[in-house]
Structure formats: structure tokens, C-alpha cells
>>> print(open('model.cif').read())   # mmCIF, C-alpha atoms and all ligand atoms
data_target
loop_
_atom_site.label_atom_id
_atom_site.label_comp_id
_atom_site.auth_asym_id
_atom_site.auth_seq_id
_atom_site.Cartn_x
_atom_site.Cartn_y
_atom_site.Cartn_z
CA MET A 231 121.49 71.06 41.16
CA ASP A 232 120.81 71.87 44.83
CA ARG A 233 117.01 71.63 44.98
CA GLU A 234 116.63 73.20 48.43
CA LYS A 235 118.82 76.13 47.41
CA VAL A 236 116.77 76.71 44.25
CA ILE A 237 113.55 76.69 46.26
CA LYS A 238 115.04 79.25 48.66
CA ALA A 239 116.28 81.39 45.75
CA VAL A 240 112.83 81.46 44.13
CA GLU A 241 111.29 82.44 47.47
CA ASP A 242 113.83 85.27 47.69
CA LEU A 243 113.09 86.28 44.09
CA LEU A 244 109.34 86.46 44.76
CA ASP A 245 110.05 88.54 47.88
CA ALA A 246 112.36 90.82 45.90
CA LEU A 247 109.67 91.25 43.26
CA GLY A 248 107.35 92.48 46.01
CA GLU A 249 104.99 89.50 45.73
CA ASP A 250 103.09 87.92 48.59
CA ARG A 251 104.35 84.37 48.20
CA THR A 252 101.97 83.03 50.81
CA ARG A 253 98.98 83.65 48.54
CA GLU A 254 97.25 80.66 46.98
CA GLY A 255 98.76 80.81 43.48
CA LEU A 256 102.35 81.33 44.66
CA LYS A 257 102.48 79.00 47.66
CA GLU A 258 103.81 76.05 45.69
CA THR A 259 105.66 78.10 43.06
CA PRO A 260 109.21 77.80 44.47
CA ARG A 261 108.88 74.00 44.58
CA ARG A 262 107.33 73.87 41.09
CA VAL A 263 110.10 76.07 39.65
CA ALA A 264 112.76 73.85 41.25
CA ASP A 265 111.15 70.75 39.72
CA ALA A 266 110.94 72.47 36.33
CA TYR A 267 114.65 73.38 36.46
CA ALA A 268 115.57 69.84 37.40
CA GLU A 269 113.93 68.71 34.18
CA ILE A 270 114.99 71.45 31.77
CA LEU A 271 118.60 71.27 32.95
CA SER A 272 118.78 67.48 33.10
CA GLY A 273 121.30 67.36 30.24
CA GLU A 274 124.04 69.04 32.31
CA ASN A 275 127.04 66.74 32.75
CA GLN A 276 125.55 64.21 30.32
CA SER A 277 127.04 62.90 27.12
CA ALA A 278 125.36 61.45 24.03
CA LYS A 279 128.11 58.83 23.84
CA GLU A 280 125.93 55.86 24.86
CA HIS A 281 123.36 56.77 22.18
CA LEU A 282 125.81 57.47 19.38
CA LEU A 283 127.75 54.23 19.85
CA LYS A 284 124.66 52.14 19.02
CA THR A 285 125.41 51.90 15.31
CA PHE A 286 124.65 49.70 12.31
CA ASN A 287 127.14 48.92 9.57
CA THR A 288 126.32 50.23 6.12
CA ASP A 289 128.01 50.71 2.80
CA CYS A 290 125.73 53.67 2.10
CA GLY A 291 127.99 56.64 1.55
CA ASP A 292 125.38 59.23 0.76
CA VAL A 293 123.95 61.86 3.06
CA VAL A 294 121.57 60.80 5.84
CA VAL A 295 119.26 63.62 6.92
CA GLU A 296 116.90 63.78 9.84
CA THR A 297 114.74 66.89 9.89
CA ASP A 298 112.20 68.40 12.29
CA ILE A 299 113.75 67.31 15.56
CA TYR A 300 111.82 69.57 17.90
CA PHE A 301 113.51 70.83 21.05
CA SER A 302 113.21 73.40 23.78
CA SER A 303 116.18 74.81 25.62
CA THR A 304 116.95 77.61 28.08
CA CYS A 305 118.75 80.81 27.13
CA GLU A 306 121.59 81.35 29.58
CA HIS A 307 121.43 85.14 29.15
CA HIS A 308 117.85 85.49 30.40
CA LEU A 309 116.93 82.06 31.84
CA MET A 310 114.04 82.03 29.38
CA PRO A 311 113.08 79.31 26.91
CA PHE A 312 114.04 79.17 23.29
CA PHE A 313 112.62 76.45 21.11
CA GLY A 314 112.44 75.27 17.56
CA LYS A 315 113.66 72.47 15.37
CA ILE A 316 116.93 70.96 14.31
CA ALA A 317 118.01 69.10 11.19
CA ILE A 318 121.01 66.81 11.31
CA ALA A 319 122.73 65.62 8.14
CA TYR A 320 125.77 63.39 8.06
CA ILE A 321 127.79 61.43 5.53
CA PRO A 322 128.35 57.94 6.99
CA ASP A 323 131.76 56.37 7.05
CA GLY A 324 130.72 52.72 7.28
CA LYS A 325 128.11 53.11 10.01
CA VAL A 326 124.81 54.79 10.75
CA VAL A 327 123.00 55.37 14.01
CA GLY A 328 119.32 54.76 14.87
CA LEU A 329 117.31 57.88 14.09
CA SER A 330 115.93 58.20 17.62
CA LYS A 331 119.53 58.46 18.85
CA LEU A 332 119.98 61.73 16.98
CA ALA A 333 116.94 63.12 18.80
CA ARG A 334 118.45 61.90 22.09
CA THR A 335 121.68 63.71 21.24
CA VAL A 336 119.72 66.93 20.73
CA GLU A 337 118.03 66.44 24.14
CA VAL A 338 121.35 66.07 25.97
CA PHE A 339 122.55 69.45 24.72
CA ALA A 340 119.19 71.27 24.78
CA LYS A 341 118.53 70.43 28.44
CA ARG A 342 121.15 72.86 29.69
CA LEU A 343 121.66 76.57 30.02
CA GLN A 344 122.53 77.33 26.44
CA ILE A 345 122.94 79.74 23.61
CA GLN A 346 121.69 78.60 20.22
CA GLU A 347 125.11 78.81 18.53
CA ARG A 348 126.71 76.52 21.10
CA LEU A 349 123.78 74.09 21.06
CA THR A 350 124.20 73.72 17.31
CA SER A 351 127.97 73.24 17.37
CA GLU A 352 127.99 70.89 20.38
CA ILE A 353 125.59 68.55 18.58
CA ALA A 354 127.84 68.55 15.49
CA GLN A 355 130.98 67.96 17.60
CA GLU A 356 129.43 65.12 19.60
CA ILE A 357 128.25 63.31 16.47
CA MET A 358 131.68 63.74 14.91
CA LYS A 359 133.36 62.43 18.05
CA TYR A 360 131.33 59.26 18.62
CA LEU A 361 129.66 58.33 15.32
CA SER A 362 132.73 59.42 13.32
CA PRO A 363 131.01 60.16 10.00
CA LYS A 364 132.93 61.73 7.13
CA GLY A 365 131.16 64.95 7.93
CA VAL A 366 128.15 66.35 9.75
CA PHE A 367 126.03 69.45 9.16
CA VAL A 368 123.54 70.73 11.73
CA VAL A 369 120.91 73.42 11.15
CA CYS A 370 118.95 74.92 14.04
CA GLU A 371 115.97 77.22 13.70
CA ALA A 372 114.64 78.71 16.92
CA GLU A 373 112.40 81.31 18.46
CA HIS A 374 113.69 83.03 21.59
CA THR A 375 111.12 84.07 24.17
CA CYS A 376 113.65 86.60 25.48
CA MET A 377 113.16 88.33 22.10
CA THR A 378 109.46 87.71 21.55
CA CYS A 379 108.22 88.43 25.11
CA ARG A 380 110.48 91.35 25.97
CA GLY A 381 113.04 93.65 24.35
CA VAL A 382 112.26 94.18 20.69
CA LYS A 383 109.15 91.93 20.90
CA LYS A 384 109.47 90.56 17.41
CA ALA A 385 106.79 87.89 17.55
CA GLY A 386 107.62 84.89 15.42
CA SER A 387 111.12 86.02 14.48
CA LYS A 388 113.45 83.06 13.98
CA THR A 389 117.16 82.69 14.44
CA LEU A 390 119.07 80.26 12.23
CA THR A 391 122.40 78.74 13.16
CA PHE A 392 124.60 76.24 11.34
CA ALA A 393 127.48 74.04 12.36
CA THR A 394 129.71 71.75 10.34
CA ALA A 395 132.26 69.21 11.54
CA GLY A 396 134.52 67.02 9.46
CA ASP A 397 134.19 67.23 5.70
CA PHE A 398 130.71 68.23 4.48
CA PRO A 399 131.05 69.74 1.00
CA GLU A 400 129.32 73.03 0.30
CA LYS A 401 127.31 71.54 -2.55
CA LYS A 402 125.82 68.95 -0.20
CA ARG A 403 125.14 71.61 2.43
CA GLU A 404 123.13 73.50 -0.18
CA GLU A 405 121.17 70.34 -1.00
CA VAL A 406 120.31 69.88 2.68
CA LEU A 407 119.23 73.51 3.04
CA ALA A 408 117.03 73.24 -0.07
CA LEU A 409 115.44 70.14 1.42
CA ILE A 410 114.53 71.70 4.75
CA ARG A 411 113.40 75.15 3.61
ZN ZN A 501 118.01 85.38 25.85
#
>>> encode(input="model.cif", output="C-alpha cells", more="lines below")
Ligand code: ZN
Amino acid sequence: MDREKVIKAVEDLLDALGEDRTREGLKETPRRVADAYAEILSGENQSAKEHLLKTFNTDCGDVVVETDIYFSSTCEHHLMPFFGKIAIAYIPDGKVVGLSKLARTVEVFAKRLQIQERLTSEIAQEIMKYLSPKGVFVVCEAEHTCMTCRGVKKAGSKTLTFATAGDFPEKKREEVLALIR
């Protein structure tokens, strides 16, 4: 990210919106917005590889589920936040990963310009690629401010997305869904 360019672009945006950007409340806004973008887009060009390779051996072959991993991300269609929670379930193939590493994986993909469908499937793909379980199933439930603050203004409406990688039998997917609903 080119910080100076972002600052300039926000100044131009405020001008285009007809605002007086020299007034007290707006004076520091371009700089604050640039700093905010640096943080909310910090997952660009990152991989969860280093987190997902920190594994422990196990002979447990049953589903491991981590629920309620809270995230916030940025909708690439409107540059507005969407946020919610993610559940990750996987069937280990000889190894498991520390639970905090799953949350770190979510962060890497949430801190980008995203759409919810891609966020969900990228998490599943990354876990499949580096942790190599038998199968992984990811469920994402999110509220989009581009829907709740504008457009149809459906306050509280939630969007659900699912992604599977590897072999995660339907019966087990149903068990996971029953657990998190
Ligand atoms: Zn949007």
C-alpha cells in the first residue's frame, strides 16, 4: 500500500464530496483513513503457511471443530466492512494444529479486500494445503454493512457461506451444522 497516495486520494474524495477538509473534525481524517487501511488490509500478500505448519501428531481421527472465530473484513464491492463469525471443522490425518493458528488463518484472509464466498473458500483451501487433513469444512456467517447501512437496509440480516475441501462426508457436515446453529 502506498500510504501517501491513499492520503491524497482521501483528500480528493473529501473535496469531491464537497466537504471542507480543513475543518477540525476532518483535518486528520485522510491520515487516519490511511492508517486504518494499512491495518484492515494487512493480510494482503500473506500466507497462513507458517501458522498451519506448527502441528502436533495425533491418532485422533474424528472431527475437530473450532467455532465462534470472530472476524471483520472489507467488502471489495463497496469498501465497507462485513463481519461475523467462522467455524472451522477438519478431520485430522495424523496431525492437528494449535487452535489459535486457525484464528490466525482467518485473520490472514479477512484482512484483505474480500467477498464472503472467497474468504470462506480460501480458508478451506489454505488449511487443506498446509495442514493436509482428510477434509475440511468452513462455515461463515456475516453481516454486511453495505446491506445494513445502505441499499435494502435489512438490519441484522446474515449471509451464510460454506466451503469444503478434501473429503468431508455430508453426514459429518450435518453434525457440524447442528452443533453451531
Ligand atoms: Zn458490499
>>> residues_near_ligand(input="model.cif", ligand="ligand ZN 501 (chain A)", cutoff="8 Å", atoms="all atoms listed in the file", output="list in words")
Cys305, Glu306, His307, His308, Leu309, Met310, Pro311, Phe312, Ile345, His374, Thr375, Cys376 and Met377 of chain A
>>> closest_atom_pairs(input="model.cif", of="range 297-379 of chain A", to="range 263-286 of chain A", cutoff="6 Å", atoms="all atoms listed in the file", output="Markdown table")
| residue | atom | partner | partner_atom | distance |
| --- | --- | --- | --- | --- |
| A:Lys325 | CA | A:Phe286 | CA | 5.4 |
| A:Val326 | CA | A:Phe286 | CA | 5.3 |
| A:Val327 | CA | A:Thr285 | CA | 4.4 |
| A:Lys331 | CA | A:His281 | CA | 5.3 |
| A:Thr335 | CA | A:Ala278 | CA | 5.1 |
| A:Val338 | CA | A:Gly273 | CA | 4.5 |
| A:Lys341 | CA | A:Gly273 | CA | 4.5 |
| A:Arg342 | CA | A:Leu271 | CA | 4.4 |
| A:Tyr360 | CA | A:Leu282 | CA | 5.9 |
| A:Leu361 | CA | A:Leu282 | CA | 5.7 |
>>> atom_distance(input="model.cif", atom1="CA of Asp292 in chain A", atom2="CA of Gln346 in chain A")
27.7 Å
>>> closest_residue(input="model.cif", among="A:Gly381, A:Gly314, A:Gly328, A:Pro322", to="Gly396 in chain A", atoms="only C-alpha atoms")
A:Pro322
>>> atom_distance(input="model.cif", atom1="CA of Leu390 in chain A", atom2="CA of Glu371 in chain A")
4.6 Å
>>> atom_distance(input="model.cif", atom1="CA of Ala395 in chain A", atom2="CA of Phe367 in chain A")
6.7 Å
>>> closest_residue(input="model.cif", among="A:Phe301, A:Phe398, A:Phe392, A:Phe339", to="Ile321 in chain A", atoms="all atoms listed in the file")
A:Phe398
>>> closest_residue(input="model.cif", among="A:Val336, A:Arg411, A:Thr252, A:Val406", to="Val294 in chain A", atoms="all atoms listed in the file")
A:Val406
>>> residues_around(input="model.cif", residues="Arg251 in chain A", least_positions_apart="4", cutoff="12 Å", atoms="only C-alpha atoms", output="PyMOL selection string")
chain A and resi 238+240-247+255-261
>>> closest_residue(input="model.cif", among="A:Met358, A:Val369, A:Ala385, A:Leu343", to="Glu296 in chain A", atoms="all atoms listed in the file")
A:Val369
>>> closest_residue(input="model.cif", among="A:Arg262, A:Ile353, A:Glu400, A:Ile299", to="Arg233 in chain A", atoms="only C-alpha atoms")
A:Arg262
>>> axis_aligned_box(input="model.cif", around="range 327-341 of chain A", padding_each_side="4 Å", output="AutoDock Vina command-line options")
--center_x 119.5 --center_y 63.0 --center_z 21.2 --size_x 15.1 --size_y 24.5 --size_z 22.4
>>> build_atoms(input="model.cif", residues="range 300-319 of chain A", atoms="N, CA and C atoms", output="short mmCIF file (atom, residue, chain, number, x, y, z; two decimals), keeping the file's coordinate frame")
data_model
loop_
_atom_site.label_atom_id
_atom_site.label_comp_id
_atom_site.auth_asym_id
_atom_site.auth_seq_id
_atom_site.Cartn_x
_atom_site.Cartn_y
_atom_site.Cartn_z
N TYR A 300 112.26 68.44 17.08
CA TYR A 300 111.82 69.57 17.90
C TYR A 300 112.51 69.56 19.26
N PHE A 301 112.82 70.75 19.76
CA PHE A 301 113.51 70.83 21.05
C PHE A 301 113.04 72.09 21.77
N SER A 302 113.26 72.13 23.07
CA SER A 302 113.21 73.40 23.78
C SER A 302 114.42 73.45 24.70
N SER A 303 114.98 74.63 24.82
CA SER A 303 116.18 74.81 25.62
C SER A 303 116.02 76.09 26.44
N THR A 304 117.04 76.44 27.20
CA THR A 304 116.95 77.61 28.08
C THR A 304 118.11 78.56 27.80
N CYS A 305 117.75 79.78 27.44
CA CYS A 305 118.75 80.81 27.13
C CYS A 305 119.50 81.20 28.40
N GLU A 306 120.82 81.08 28.36
CA GLU A 306 121.59 81.35 29.58
C GLU A 306 121.70 82.85 29.87
N HIS A 307 121.35 83.69 28.91
CA HIS A 307 121.43 85.14 29.15
C HIS A 307 120.23 85.65 29.93
N HIS A 308 119.07 85.00 29.75
CA HIS A 308 117.85 85.49 30.40
C HIS A 308 117.12 84.43 31.21
N LEU A 309 117.62 83.19 31.20
CA LEU A 309 116.93 82.06 31.84
C LEU A 309 115.51 81.94 31.30
N MET A 310 115.35 82.18 30.00
CA MET A 310 114.04 82.03 29.38
C MET A 310 114.14 81.01 28.26
N PRO A 311 113.02 80.37 27.92
CA PRO A 311 113.08 79.31 26.91
C PRO A 311 113.36 79.83 25.50
N PHE A 312 114.07 79.03 24.74
CA PHE A 312 114.04 79.17 23.29
C PHE A 312 113.76 77.79 22.73
N PHE A 313 113.07 77.75 21.61
CA PHE A 313 112.62 76.45 21.11
C PHE A 313 112.51 76.49 19.60
N GLY A 314 112.52 75.32 19.00
CA GLY A 314 112.44 75.27 17.56
C GLY A 314 112.73 73.87 17.07
N LYS A 315 113.38 73.79 15.91
CA LYS A 315 113.66 72.47 15.37
C LYS A 315 115.06 72.42 14.79
N ILE A 316 115.56 71.21 14.75
CA ILE A 316 116.93 70.96 14.31
C ILE A 316 116.92 69.93 13.20
N ALA A 317 117.78 70.13 12.22
CA ALA A 317 118.01 69.10 11.19
C ALA A 317 119.46 68.66 11.30
N ILE A 318 119.66 67.36 11.25
CA ILE A 318 121.01 66.81 11.31
C ILE A 318 121.26 66.03 10.04
N ALA A 319 122.34 66.36 9.34
CA ALA A 319 122.73 65.62 8.14
C ALA A 319 124.15 65.13 8.34
#
